[in-house]
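Report on one structure; see the data block that follows.
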Amino acid sequence: MSEPFKTAALMKELMAKYYDLGEESRRKGIPVVWVTAVFPVEIIYAMDLYPYYPENFGALASARKVADKLSMAAEAKGYFNDLCGYARCGIGDAYSLEHPVGKILSPDLLLCCNTQCGSLPKWFEAAGRFYNKPYFLWDSPMIEDETSDIKQNYLIKQLYELIDFLEITTKRRFDINKLQEVVALSSQATALWNDCLEMAALKPAPFGFFDACIHMAPIVVWRGRQEAVDYYRQLKAELEARLEKKIYAIPNERHKVYFDHIPVWPRLRWFADMFAANDTLVAASQYTHAWAMNFDPARPLETLAEHYPHQFVNRGVDYRLKLKMDFMRHYNCDGFILFSNRSCKPNSIGLYDKKRMLTEMTGLPGLVFEGDMSDLRFFSEGQIKTLFETYFEQLV
Amino acid sequence: MYVAGIDIGSIYSKAVILKNNQVAASLVKRTGGEIRTISHRIMDEALTPLGIQLEDLKSIVATGYGRISVPFAEKQVTEITCFGRGTAQLFPDVRTVIDIGGQDSKGIKIDERGRVTDFVMNDKCAAGTGRFLEVMANALEVNLEDMGPLALQSESPEEIGITCTVFAESQVISLVGEGRRKVDIVAGIHQAIAERIYGLLKMLKIEERIAITGGGAKNIGLVHELEKRLGTELIVPEEPQLIGAHGAALMAMEMAMHRKGG
Ligand code: SF4
């Protein structure tokens, strides 16, 4: 991981502001709207509602190493420990008397899109019943390869329904011009985010995947607002300055690898140090690229319907393999890591086959490791270390 | 010129001393207590008959799960890489190595020079490892060494589910309680372990010839069950537990030669 960024201070400030805004919204009666990470939050911001990301809460609890504690509170209520760790954190916190990372902000409305997985709708439905609040699902069909008009129309029609639902439940008017402005801001921020991610293609690079995992918070929660634009503009400028001063993400970059997934949050630093010690930069991941979208503000609803459900998680095997290979080529990778994440089944399925196919097609060595993004009860340090060290020996 | 490889496994620690590429001494000892102490003791024991001391070794490579705690090692290399190297030296035509150690089992693909081209390892669970066999032997009050030969005597092995060591143990205990024949239970256990390891191996593109190493290779019942599934004879080294330490010693030799050469 890179040495601390000056921008980190701004991040701290922005995240505090985001959480304060939540409390303030609650006090002022502005609806708190639960949304999933890959959801057209632009609509929420355009209606001056407050979007809250329970997945972000899960990631925070995971990074603070308390996912197991919260999870056990959910397990005591009968939720199986095989469920997504984010869901276990969110549900656990709702039932828990202790809140080690602060209390999860309860929703006034719950909006979910099933483009990511089947766990989120179930979690949001359960939360909707628990908090007794209205729930809306933006149902996305699987888009194996190319989309079709039928699918596109289906998605857009539901956005109209979503707007109706929001107007009725919040008694606020939706304004398409406002949405256009928000989408334009979102587009600027995602483009800047993409510029930052792109820097990992340089050799040596000033920025890598582990840095991106830390700096992604504003693109998740603030996209659609000026704050995100300001943040990534500043980060990009700092990265450019670092390049000039020859400050790089790791001291001796010899190899680059592609990492397929969410990081192991409670071990982010451990992984970052291990890769750095082996002179290997994790250059890219489809995960951090999920927010590098490129919207067209002139067609606000259409562009949202085109981008969100087309994320990798909602695509077929061939598309996903090609995406991984494109990343590897673009970032000049010498190998790839696939994370079989116990929490996230849709991203962990078929990894051994995928690894074999990718190696056949690219000639690059790959590694599959098993663990959990949240919960250290499912993380075997000794074994994972041996796996990775062998892999590094293979790269040399 | 003397060099050494030392392999600190979860149950056994091993050492191999090479003199100009020939094995001059080797040793297997139970790991127990502090790794630093164990590693000193095992080296002393291996070196004394040769009349040399630690300082006389030109290079030492450590491997195994305890590799980072060997204070005198010049370099640490993972056991997967070492098992690949050691096997290739002894059996140059082997392309797949099955290593069954105390706490994990692995499948390793190697090229003609013993370089690892692909590998898999069991996840956190101990099912399908040496430790599992030990737990089962204990539950049945059978000597670990007798497990393999016993398994071969059965004609109708019991079905044992082996998703988890703890569950399997209680299943075994209840089978004993029901008065089932020990040989059939033992045979069932071997089938279950072989099934698990075979499942792991299938994640690789298995190529012949196939060798089996590690403590598990000394279990004839397990070798037999794996051969049935793989449809081919397995190569079992004379000292299967020493292959990792041997591979480590070969790497130590390379490092020493490299230094000598410039
Ligand atoms: S981590 Fe995976 S299972 Fe969990 S919410 Fe995200 S996409 Fe769904």
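Within each chain, counting starts at residue 1; across the structure tokens, chains are named A, B, ... in the order shown, with ligands numbered 1 upward in that order.
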
| task | Pick out the residues sitting within 10 Å of stretch 191-197 of chain A, and hand them over as a PyMOL selection string; count only C-alpha atoms, and ignore anything fewer than 3 positions along from it in its own chain. | result | chain A and resi 185-188+200-201+206-209+211-212+215-216+218-219+228-240+283-285+288-295

Per residue of chain B within 9 Å of chain A, note the shortest atom pair and the distance in Å to one decimal, counting only C-alpha atoms, and order the rows by chain and increasing residue number, as a Markdown table.
```
| residue | atom | partner | partner_atom | distance |
| --- | --- | --- | --- | --- |
| B:Gly64 | CA | A:Thr386 | CA | 8.8 |
| B:Tyr65 | CA | A:Gly382 | CA | 7.1 |
| B:Val77 | CA | A:Thr390 | CA | 7.8 |
| B:Thr78 | CA | A:Thr390 | CA | 5.7 |
| B:Glu79 | CA | A:Thr386 | CA | 7.9 |
| B:Ile80 | CA | A:Thr390 | CA | 6.5 |
| B:Thr81 | CA | A:Thr390 | CA | 6.4 |
| B:Asp104 | CA | A:Gln383 | CA | 8.3 |
| B:Arg115 | CA | A:Gln394 | CA | 7.8 |
| B:Val116 | CA | A:Gln394 | CA | 6.5 |
| B:Thr117 | CA | A:Gln394 | CA | 7.2 |
| B:Asp118 | CA | A:Pro365 | CA | 7.5 |
| B:Phe119 | CA | A:Leu367 | CA | 8.3 |
| B:Val120 | CA | A:Val368 | CA | 8.2 |
| B:Met121 | CA | A:Leu387 | CA | 7.6 |
| B:Asn122 | CA | A:Gln383 | CA | 8.7 |
| B:Asp123 | CA | A:Glu370 | CA | 6.7 |
| B:Lys124 | CA | A:Ser380 | CA | 5.8 |
| B:Met203 | CA | A:Tyr352 | CA | 6.1 |
| B:Leu204 | CA | A:Arg356 | CA | 8.0 |
| B:Lys205 | CA | A:Arg356 | CA | 8.5 |
```

| How many Å lie between atom CA of B:Ala151 and atom CA of B:Val186, rounded to one decimal? | 5.3 Å

Considering only C-alpha atoms and all ligand atoms, give me a table of residues in chain A that are at most 8 Å from ligand 1, with the closest atom pair and distance in Å for each, as a Markdown table.
```
| residue | atom | partner | partner_atom_place_in_ligand_line | distance |
| --- | --- | --- | --- | --- |
| A:Thr36 | CA | ligand 1 | 5 (S) | 7.9 |
| A:Ala37 | CA | ligand 1 | 6 (Fe) | 7.9 |
| A:Glu55 | CA | ligand 1 | 5 (S) | 6.4 |
| A:Leu83 | CA | ligand 1 | 3 (S) | 7.6 |
| A:Cys84 | CA | ligand 1 | 4 (Fe) | 4.5 |
| A:Gly85 | CA | ligand 1 | 4 (Fe) | 6.5 |
| A:Tyr86 | CA | ligand 1 | 4 (Fe) | 5.8 |
| A:Ala87 | CA | ligand 1 | 4 (Fe) | 6.8 |
| A:Gln116 | CA | ligand 1 | 7 (S) | 4.6 |
| A:Cys117 | CA | ligand 1 | 8 (Fe) | 4.5 |
| A:Gly118 | CA | ligand 1 | 8 (Fe) | 6.6 |
| A:Ser119 | CA | ligand 1 | 8 (Fe) | 5.3 |
| A:Leu120 | CA | ligand 1 | 5 (S) | 5.3 |
| A:Ile262 | CA | ligand 1 | 1 (S) | 7.5 |
| A:Val313 | CA | ligand 1 | 7 (S) | 7.3 |
| A:Ser343 | CA | ligand 1 | 3 (S) | 5.8 |
| A:Cys344 | CA | ligand 1 | 2 (Fe) | 3.7 |
| A:Lys345 | CA | ligand 1 | 3 (S) | 6.0 |
| A:Pro346 | CA | ligand 1 | 2 (Fe) | 6.5 |
| A:Asn347 | CA | ligand 1 | 2 (Fe) | 6.7 |
| A:Met373 | CA | ligand 1 | 1 (S) | 7.9 |
```

Print the selection's residues with N, CA, C and O atoms to a file, as a PDB file, in the first residue's frame.
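Written out: again.pdb:
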```
ATOM      1  N   THR A  36     -28.576  -0.405  -2.481  1.00  0.00           N
ATOM      2  CA  THR A  36     -27.480  -1.354  -2.678  1.00  0.00           C
ATOM      3  C   THR A  36     -26.347  -0.636  -3.414  1.00  0.00           C
ATOM      4  O   THR A  36     -26.553   0.430  -3.999  1.00  0.00           O
ATOM      5  N   ALA A  37     -25.163  -1.228  -3.359  1.00  0.00           N
ATOM      6  CA  ALA A  37     -23.973  -0.536  -3.886  1.00  0.00           C
ATOM      7  C   ALA A  37     -24.089  -0.239  -5.374  1.00  0.00           C
ATOM      8  O   ALA A  37     -23.673   0.815  -5.842  1.00  0.00           O
ATOM      9  N   GLU A  55     -24.292  -2.124   2.782  1.00  0.00           N
ATOM     10  CA  GLU A  55     -23.095  -2.902   2.435  1.00  0.00           C
ATOM     11  C   GLU A  55     -21.845  -2.194   2.937  1.00  0.00           C
ATOM     12  O   GLU A  55     -20.878  -2.813   3.356  1.00  0.00           O
ATOM     13  N   LEU A  83     -24.310 -17.144   5.002  1.00  0.00           N
ATOM     14  CA  LEU A  83     -24.848 -16.002   4.250  1.00  0.00           C
ATOM     15  C   LEU A  83     -23.764 -14.956   4.031  1.00  0.00           C
ATOM     16  O   LEU A  83     -22.715 -14.983   4.684  1.00  0.00           O
ATOM     17  N   CYS A  84     -24.037 -14.009   3.166  1.00  0.00           N
ATOM     18  CA  CYS A  84     -23.091 -12.921   2.916  1.00  0.00           C
ATOM     19  C   CYS A  84     -22.734 -12.204   4.227  1.00  0.00           C
ATOM     20  O   CYS A  84     -23.618 -11.865   5.027  1.00  0.00           O
ATOM     21  N   GLY A  85     -21.462 -11.957   4.405  1.00  0.00           N
ATOM     22  CA  GLY A  85     -20.981 -11.326   5.637  1.00  0.00           C
ATOM     23  C   GLY A  85     -21.560  -9.933   5.854  1.00  0.00           C
ATOM     24  O   GLY A  85     -21.810  -9.528   6.991  1.00  0.00           O
ATOM     25  N   TYR A  86     -21.767  -9.187   4.768  1.00  0.00           N
ATOM     26  CA  TYR A  86     -22.348  -7.845   4.920  1.00  0.00           C
ATOM     27  C   TYR A  86     -23.747  -7.954   5.513  1.00  0.00           C
ATOM     28  O   TYR A  86     -24.132  -7.200   6.408  1.00  0.00           O
ATOM     29  N   ALA A  87     -24.503  -8.922   4.997  1.00  0.00           N
ATOM     30  CA  ALA A  87     -25.863  -9.113   5.499  1.00  0.00           C
ATOM     31  C   ALA A  87     -25.817  -9.532   6.966  1.00  0.00           C
ATOM     32  O   ALA A  87     -26.598  -9.040   7.792  1.00  0.00           O
ATOM     33  N   GLN A 116     -26.546  -7.530  -8.379  1.00  0.00           N
ATOM     34  CA  GLN A 116     -25.338  -8.026  -7.732  1.00  0.00           C
ATOM     35  C   GLN A 116     -25.454  -9.483  -7.304  1.00  0.00           C
ATOM     36  O   GLN A 116     -24.535 -10.252  -7.467  1.00  0.00           O
ATOM     37  N   CYS A 117     -26.570  -9.806  -6.671  1.00  0.00           N
ATOM     38  CA  CYS A 117     -26.691 -11.144  -6.095  1.00  0.00           C
ATOM     39  C   CYS A 117     -28.113 -11.366  -5.617  1.00  0.00           C
ATOM     40  O   CYS A 117     -28.928 -10.456  -5.613  1.00  0.00           O
ATOM     41  N   GLY A 118     -28.367 -12.576  -5.164  1.00  0.00           N
ATOM     42  CA  GLY A 118     -29.680 -12.890  -4.607  1.00  0.00           C
ATOM     43  C   GLY A 118     -29.737 -12.645  -3.105  1.00  0.00           C
ATOM     44  O   GLY A 118     -30.805 -12.676  -2.505  1.00  0.00           O
ATOM     45  N   SER A 119     -28.567 -12.407  -2.508  1.00  0.00           N
ATOM     46  CA  SER A 119     -28.546 -12.207  -1.053  1.00  0.00           C
ATOM     47  C   SER A 119     -29.134 -10.858  -0.671  1.00  0.00           C
ATOM     48  O   SER A 119     -29.840 -10.737   0.331  1.00  0.00           O
ATOM     49  N   LEU A 120     -28.812  -9.839  -1.478  1.00  0.00           N
ATOM     50  CA  LEU A 120     -29.264  -8.486  -1.133  1.00  0.00           C
ATOM     51  C   LEU A 120     -30.784  -8.381  -1.057  1.00  0.00           C
ATOM     52  O   LEU A 120     -31.312  -7.848  -0.075  1.00  0.00           O
ATOM     53  N   ILE A 262     -13.573  -8.517  -4.201  1.00  0.00           N
ATOM     54  CA  ILE A 262     -13.540  -7.723  -2.976  1.00  0.00           C
ATOM     55  C   ILE A 262     -12.301  -8.166  -2.189  1.00  0.00           C
ATOM     56  O   ILE A 262     -11.926  -9.327  -2.247  1.00  0.00           O
ATOM     57  N   VAL A 313     -21.143  -8.553 -12.307  1.00  0.00           N
ATOM     58  CA  VAL A 313     -21.826  -9.553 -11.479  1.00  0.00           C
ATOM     59  C   VAL A 313     -23.071 -10.108 -12.140  1.00  0.00           C
ATOM     60  O   VAL A 313     -23.526 -11.195 -11.819  1.00  0.00           O
ATOM     61  N   SER A 343     -18.495 -15.487   1.501  1.00  0.00           N
ATOM     62  CA  SER A 343     -19.647 -14.607   1.608  1.00  0.00           C
ATOM     63  C   SER A 343     -20.378 -14.448   0.286  1.00  0.00           C
ATOM     64  O   SER A 343     -21.586 -14.341   0.246  1.00  0.00           O
ATOM     65  N   CYS A 344     -19.607 -14.359  -0.776  1.00  0.00           N
ATOM     66  CA  CYS A 344     -20.181 -13.893  -2.036  1.00  0.00           C
ATOM     67  C   CYS A 344     -20.239 -15.017  -3.058  1.00  0.00           C
ATOM     68  O   CYS A 344     -19.368 -15.154  -3.903  1.00  0.00           O
ATOM     69  N   LYS A 345     -21.291 -15.780  -2.974  1.00  0.00           N
ATOM     70  CA  LYS A 345     -21.408 -16.969  -3.835  1.00  0.00           C
ATOM     71  C   LYS A 345     -21.395 -16.638  -5.329  1.00  0.00           C
ATOM     72  O   LYS A 345     -20.728 -17.322  -6.096  1.00  0.00           O
ATOM     73  N   PRO A 346     -22.142 -15.600  -5.776  1.00  0.00           N
ATOM     74  CA  PRO A 346     -22.191 -15.394  -7.231  1.00  0.00           C
ATOM     75  C   PRO A 346     -20.831 -15.069  -7.837  1.00  0.00           C
ATOM     76  O   PRO A 346     -20.634 -15.245  -9.032  1.00  0.00           O
ATOM     77  N   ASN A 347     -19.918 -14.604  -7.025  1.00  0.00           N
ATOM     78  CA  ASN A 347     -18.597 -14.307  -7.567  1.00  0.00           C
ATOM     79  C   ASN A 347     -17.607 -15.429  -7.343  1.00  0.00           C
ATOM     80  O   ASN A 347     -16.460 -15.343  -7.765  1.00  0.00           O
ATOM     81  N   MET A 373     -14.460 -12.339   2.940  1.00  0.00           N
ATOM     82  CA  MET A 373     -14.132 -10.908   2.887  1.00  0.00           C
ATOM     83  C   MET A 373     -14.348 -10.220   4.234  1.00  0.00           C
ATOM     84  O   MET A 373     -13.791  -9.157   4.481  1.00  0.00           O
TER      85      MET A 373
END
```

| query | Where does DSSP see strand (DSSP E or B) in stretch 29-241 of chain B, if you list the residues as a VMD selection string? | reply | chain B and resid 29 to 30 57 to 63 75 to 76 96 to 100 105 to 110 116 to 121 210 to 213 235

Would you save the residues from that selection as a compact mmCIF listing (two decimals), in the first residue's frame, using C-alpha atoms?
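Resulting contents of again-v8.txt:
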```txt
# COMPACT_ATOMS: atom_id res chain seq x y z
CA LYS B 29 11.41 -36.44 14.10
CA ARG B 30 8.09 -35.51 15.67
CA LEU B 57 27.06 -26.15 6.00
CA LYS B 58 27.43 -23.89 2.99
CA SER B 59 23.72 -23.19 2.81
CA ILE B 60 20.46 -24.14 4.54
CA VAL B 61 16.95 -23.81 3.14
CA ALA B 62 13.91 -24.19 5.39
CA THR B 63 10.47 -25.28 4.30
CA LYS B 75 16.20 -18.84 2.84
CA GLN B 76 12.61 -20.00 3.27
CA THR B 96 1.80 -34.62 -10.81
CA VAL B 97 2.64 -34.90 -7.13
CA ILE B 98 0.09 -35.70 -4.44
CA ASP B 99 1.42 -34.62 -1.09
CA ILE B 100 -0.44 -35.70 2.02
CA SER B 105 -3.02 -32.22 1.34
CA LYS B 106 -1.89 -30.77 -1.95
CA GLY B 107 -1.83 -31.49 -5.62
CA ILE B 108 1.22 -30.15 -7.43
CA LYS B 109 1.89 -30.06 -11.16
CA ILE B 110 5.54 -29.85 -12.17
CA VAL B 116 5.68 -25.83 -10.11
CA THR B 117 3.27 -25.03 -12.94
CA ASP B 118 0.04 -25.32 -10.96
CA PHE B 119 -1.10 -26.43 -7.53
CA VAL B 120 -4.08 -26.83 -5.23
CA MET B 121 -4.33 -27.21 -1.51
CA ILE B 210 1.88 -39.41 -10.57
CA ALA B 211 3.87 -39.63 -7.36
CA ILE B 212 2.61 -39.53 -3.80
CA THR B 213 4.68 -37.97 -1.04
CA ILE B 235 5.04 -43.83 -7.55
```

| task | May I ask for the distance between atom CA of A:Ser148 and atom CA of A:Glu125, given in Å to one decimal place? | result |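 Calculated distance between atom CA of A:Ser148 and atom CA of A:Glu125 is 28.6 Å.
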
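Pairwise distance (atom CA of A:Cys113, atom CA of A:Trp138) equals 4.7 Å.
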
| task | Tell me which protein, DNA and RNA residues are within 7 Å of stretch 151-158 of chain A, counting only C-alpha atoms, leaving out same-chain ones fewer than 4 positions away, and put them as a PyMOL selection string. | result | chain A and resi 138+140-141+147+162+301-302+305

Writer output for current selection, C-alpha atoms, as a PDB file, in the first residue's frame:
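Writing done, so here's result.pdb:
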```
ATOM      1  CA  TRP A 138     -35.460  -2.941  -9.247  1.00  0.00           C
ATOM      2  CA  SER A 140     -32.713  -6.870 -13.347  1.00  0.00           C
ATOM      3  CA  PRO A 141     -32.740  -9.819 -15.676  1.00  0.00           C
ATOM      4  CA  THR A 147     -28.661  -6.744 -23.847  1.00  0.00           C
ATOM      5  CA  LEU A 162     -39.502   3.586  -8.832  1.00  0.00           C
ATOM      6  CA  LEU A 301     -32.798   7.391 -17.064  1.00  0.00           C
ATOM      7  CA  GLU A 302     -31.662   5.385 -20.058  1.00  0.00           C
ATOM      8  CA  ALA A 305     -30.584   1.544 -16.912  1.00  0.00           C
TER       9      ALA A 305
END
```

| task | Name the residues of stretch 141-364 of chain A that come out as helix (DSSP H, G or I) in a backbone DSSP run; write them as a PyMOL selection string. | result | chain A and resi 149-170+176-201+209-215+217-221+226-244+265-277+286-289+300-310+312-314+317-330+345-348+351-362

| field | B:Lys14 environment, 7 Å, only C-alpha atoms, sequence neighbours closer than 6 positions dropped, as an MDAnalysis selection string | value | chainID B and resid 6:8 27:29 242 245

| task | Do a neighbour search on A:Leu321 at 10 Å with only C-alpha atoms, toss out local chain neighbours closer than 2 positions, and write the hits as a PyMOL selection string. | result | chain A and resi 312+316-319+323-326+354-355+357-358+361

What does the file look like for those residues with all heavy atoms, as a short mmCIF file (atom, residue, chain, number, x, y, z; two decimals), in the first residue's frame?
```cif
data_model
loop_
_atom_site.label_atom_id
_atom_site.label_comp_id
_atom_site.auth_asym_id
_atom_site.auth_seq_id
_atom_site.Cartn_x
_atom_site.Cartn_y
_atom_site.Cartn_z
N PHE A 312 -20.40 -6.52 -14.10
CA PHE A 312 -19.91 -7.88 -14.29
C PHE A 312 -20.68 -8.94 -13.51
O PHE A 312 -20.86 -10.05 -13.97
CB PHE A 312 -18.43 -7.96 -13.92
CG PHE A 312 -18.14 -7.72 -12.47
CD1 PHE A 312 -18.13 -8.78 -11.58
CD2 PHE A 312 -17.89 -6.44 -11.99
CE1 PHE A 312 -17.88 -8.56 -10.23
CE2 PHE A 312 -17.64 -6.22 -10.64
CZ PHE A 312 -17.63 -7.28 -9.77
N GLY A 316 -22.77 -13.21 -18.01
CA GLY A 316 -22.49 -14.63 -18.21
C GLY A 316 -21.00 -14.95 -18.09
O GLY A 316 -20.16 -14.06 -18.02
N VAL A 317 -20.73 -16.24 -18.10
CA VAL A 317 -19.35 -16.71 -17.89
C VAL A 317 -18.40 -16.17 -18.97
O VAL A 317 -17.31 -15.68 -18.66
CB VAL A 317 -19.31 -18.25 -17.88
CG1 VAL A 317 -17.88 -18.75 -17.84
CG2 VAL A 317 -20.08 -18.78 -16.69
N ASP A 318 -18.80 -16.25 -20.22
CA ASP A 318 -17.89 -15.83 -21.30
C ASP A 318 -17.54 -14.36 -21.19
O ASP A 318 -16.40 -13.96 -21.33
CB ASP A 318 -18.53 -16.10 -22.67
CG ASP A 318 -18.65 -17.59 -22.93
OD1 ASP A 318 -17.93 -18.35 -22.24
OD2 ASP A 318 -19.47 -17.98 -23.78
N TYR A 319 -18.57 -13.57 -20.90
CA TYR A 319 -18.34 -12.13 -20.77
C TYR A 319 -17.36 -11.87 -19.63
O TYR A 319 -16.43 -11.08 -19.74
CB TYR A 319 -19.67 -11.40 -20.50
CG TYR A 319 -19.48 -9.93 -20.23
CD1 TYR A 319 -19.54 -9.00 -21.28
CD2 TYR A 319 -19.20 -9.46 -18.95
CE1 TYR A 319 -19.35 -7.65 -21.03
CE2 TYR A 319 -19.00 -8.11 -18.71
CZ TYR A 319 -19.07 -7.22 -19.75
OH TYR A 319 -18.87 -5.88 -19.50
N LEU A 323 -13.75 -10.11 -19.71
CA LEU A 323 -13.48 -8.91 -18.93
C LEU A 323 -12.17 -9.06 -18.14
O LEU A 323 -11.32 -8.16 -18.12
CB LEU A 323 -14.65 -8.66 -17.97
CG LEU A 323 -14.56 -7.39 -17.13
CD1 LEU A 323 -14.75 -6.16 -18.00
CD2 LEU A 323 -15.61 -7.39 -16.02
N LYS A 324 -12.02 -10.21 -17.51
CA LYS A 324 -10.79 -10.44 -16.73
C LYS A 324 -9.57 -10.38 -17.65
O LYS A 324 -8.54 -9.79 -17.31
CB LYS A 324 -10.85 -11.80 -16.04
CG LYS A 324 -11.94 -11.93 -14.98
CD LYS A 324 -11.88 -13.31 -14.33
CE LYS A 324 -13.22 -13.88 -13.95
NZ LYS A 324 -14.02 -13.14 -13.02
N MET A 325 -9.70 -10.99 -18.80
CA MET A 325 -8.55 -11.00 -19.73
C MET A 325 -8.24 -9.60 -20.24
O MET A 325 -7.08 -9.23 -20.39
CB MET A 325 -8.82 -11.95 -20.89
CG MET A 325 -8.71 -13.40 -20.46
SD MET A 325 -8.59 -14.50 -21.86
CE MET A 325 -10.18 -14.32 -22.57
N ASP A 326 -9.30 -8.82 -20.48
CA ASP A 326 -9.08 -7.44 -20.93
C ASP A 326 -8.31 -6.65 -19.87
O ASP A 326 -7.39 -5.91 -20.18
CB ASP A 326 -10.41 -6.74 -21.22
CG ASP A 326 -11.06 -7.28 -22.49
OD1 ASP A 326 -10.36 -7.99 -23.25
OD2 ASP A 326 -12.25 -7.02 -22.72
N LYS A 354 -12.61 -21.50 -14.10
CA LYS A 354 -12.24 -20.22 -14.70
C LYS A 354 -10.72 -20.06 -14.71
O LYS A 354 -10.14 -19.57 -15.67
CB LYS A 354 -12.88 -19.06 -13.94
CG LYS A 354 -14.36 -18.92 -14.27
CD LYS A 354 -14.96 -17.74 -13.55
CE LYS A 354 -16.48 -17.71 -13.77
NZ LYS A 354 -17.17 -16.91 -12.78
N LYS A 355 -10.12 -20.47 -13.61
CA LYS A 355 -8.67 -20.35 -13.53
C LYS A 355 -8.02 -21.16 -14.66
O LYS A 355 -7.12 -20.68 -15.35
CB LYS A 355 -8.19 -20.86 -12.17
CG LYS A 355 -6.68 -20.85 -12.06
CD LYS A 355 -6.21 -21.53 -10.80
CE LYS A 355 -4.97 -22.33 -11.10
NZ LYS A 355 -4.60 -23.24 -10.03
N MET A 357 -9.29 -22.09 -17.49
CA MET A 357 -9.55 -21.50 -18.81
C MET A 357 -8.69 -20.26 -19.01
O MET A 357 -8.12 -20.06 -20.08
CB MET A 357 -11.02 -21.10 -18.92
CG MET A 357 -11.96 -22.27 -18.97
SD MET A 357 -13.62 -21.57 -19.01
CE MET A 357 -14.61 -22.91 -18.64
N LEU A 358 -8.61 -19.43 -17.98
CA LEU A 358 -7.82 -18.19 -18.13
C LEU A 358 -6.36 -18.51 -18.39
O LEU A 358 -5.71 -17.87 -19.23
CB LEU A 358 -7.95 -17.33 -16.87
CG LEU A 358 -9.29 -16.61 -16.69
CD1 LEU A 358 -9.40 -16.01 -15.30
CD2 LEU A 358 -9.48 -15.53 -17.76
N MET A 361 -5.95 -19.59 -21.89
CA MET A 361 -6.10 -18.53 -22.89
C MET A 361 -5.00 -17.47 -22.83
O MET A 361 -4.66 -16.87 -23.83
CB MET A 361 -7.48 -17.89 -22.76
CG MET A 361 -8.58 -18.86 -23.19
SD MET A 361 -10.22 -18.12 -23.22
CE MET A 361 -10.63 -17.99 -21.52
#
```

| message | If we count only C-alpha atoms and set the cut-off at 12 Å, which residues sit around B:Ser174, ignoring sequence neighbours fewer than 4 positions away in its own chain? Please answer as a list in words. | response |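 Near neighbours after the sequence-gap exclusion: Ala139, Leu140, Ile160, Phe167, Ala168, Glu169, Ser170, Glu178, Gly179, Arg180, Lys182 and Ile185 of chain B.
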
Would you put the residues from that selection into a file with N, CA, C and O atoms, as a short mmCIF file (atom, residue, chain, number, x, y, z; two decimals), in the first residue's frame?
```cif
data_model
loop_
_atom_site.label_atom_id
_atom_site.label_comp_id
_atom_site.auth_asym_id
_atom_site.auth_seq_id
_atom_site.Cartn_x
_atom_site.Cartn_y
_atom_site.Cartn_z
N ALA B 139 -9.73 -42.64 17.68
CA ALA B 139 -11.11 -42.96 18.00
C ALA B 139 -11.31 -44.48 17.96
O ALA B 139 -12.14 -45.03 18.69
N LEU B 140 -10.57 -45.15 17.09
CA LEU B 140 -10.74 -46.60 16.93
C LEU B 140 -9.77 -47.40 17.78
O LEU B 140 -9.79 -48.63 17.77
N ILE B 160 -18.68 -43.60 5.10
CA ILE B 160 -18.40 -42.54 6.07
C ILE B 160 -18.49 -41.19 5.36
O ILE B 160 -17.84 -40.98 4.35
N PHE B 167 -17.45 -34.22 12.75
CA PHE B 167 -18.62 -35.06 12.48
C PHE B 167 -18.20 -36.49 12.17
O PHE B 167 -18.83 -37.44 12.61
N ALA B 168 -17.14 -36.63 11.39
CA ALA B 168 -16.71 -37.97 11.00
C ALA B 168 -16.31 -38.76 12.24
O ALA B 168 -16.62 -39.94 12.35
N GLU B 169 -15.67 -38.08 13.17
CA GLU B 169 -15.24 -38.79 14.38
C GLU B 169 -16.45 -39.32 15.15
O GLU B 169 -16.47 -40.47 15.57
N SER B 170 -17.48 -38.49 15.30
CA SER B 170 -18.62 -38.98 16.06
C SER B 170 -19.34 -40.08 15.29
O SER B 170 -19.88 -41.01 15.88
N GLU B 178 -22.32 -49.44 17.43
CA GLU B 178 -23.29 -50.36 16.81
C GLU B 178 -22.69 -51.74 16.58
O GLU B 178 -23.36 -52.63 16.06
N GLY B 179 -21.41 -51.86 16.90
CA GLY B 179 -20.77 -53.17 16.77
C GLY B 179 -20.30 -53.50 15.36
O GLY B 179 -20.12 -54.67 15.02
N ARG B 180 -20.14 -52.46 14.52
CA ARG B 180 -19.65 -52.74 13.16
C ARG B 180 -18.19 -53.18 13.21
O ARG B 180 -17.44 -52.81 14.12
N LYS B 182 -14.33 -53.38 12.76
CA LYS B 182 -13.31 -52.34 12.72
C LYS B 182 -12.70 -52.22 11.32
O LYS B 182 -12.49 -51.12 10.80
N ILE B 185 -14.86 -50.23 9.08
CA ILE B 185 -14.86 -48.80 9.40
C ILE B 185 -13.57 -48.16 8.89
O ILE B 185 -13.58 -47.12 8.22
#
```

| query | Which residues, written as a PyMOL selection string, have at least one atom at most 10 Å from B:Pro92, with only C-alpha atoms counted and residues fewer than 4 positions away on the same chain left out? | reply | chain B and resi 85-88+110-114+209

| Which of these residues is nearest to B:Thr31, using only C-alpha atoms: B:Gly231, B:Pro157, B:Gly66, B:Gly51? |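 Looking at the shortest contact to B:Thr31, the residue is B:Gly66.
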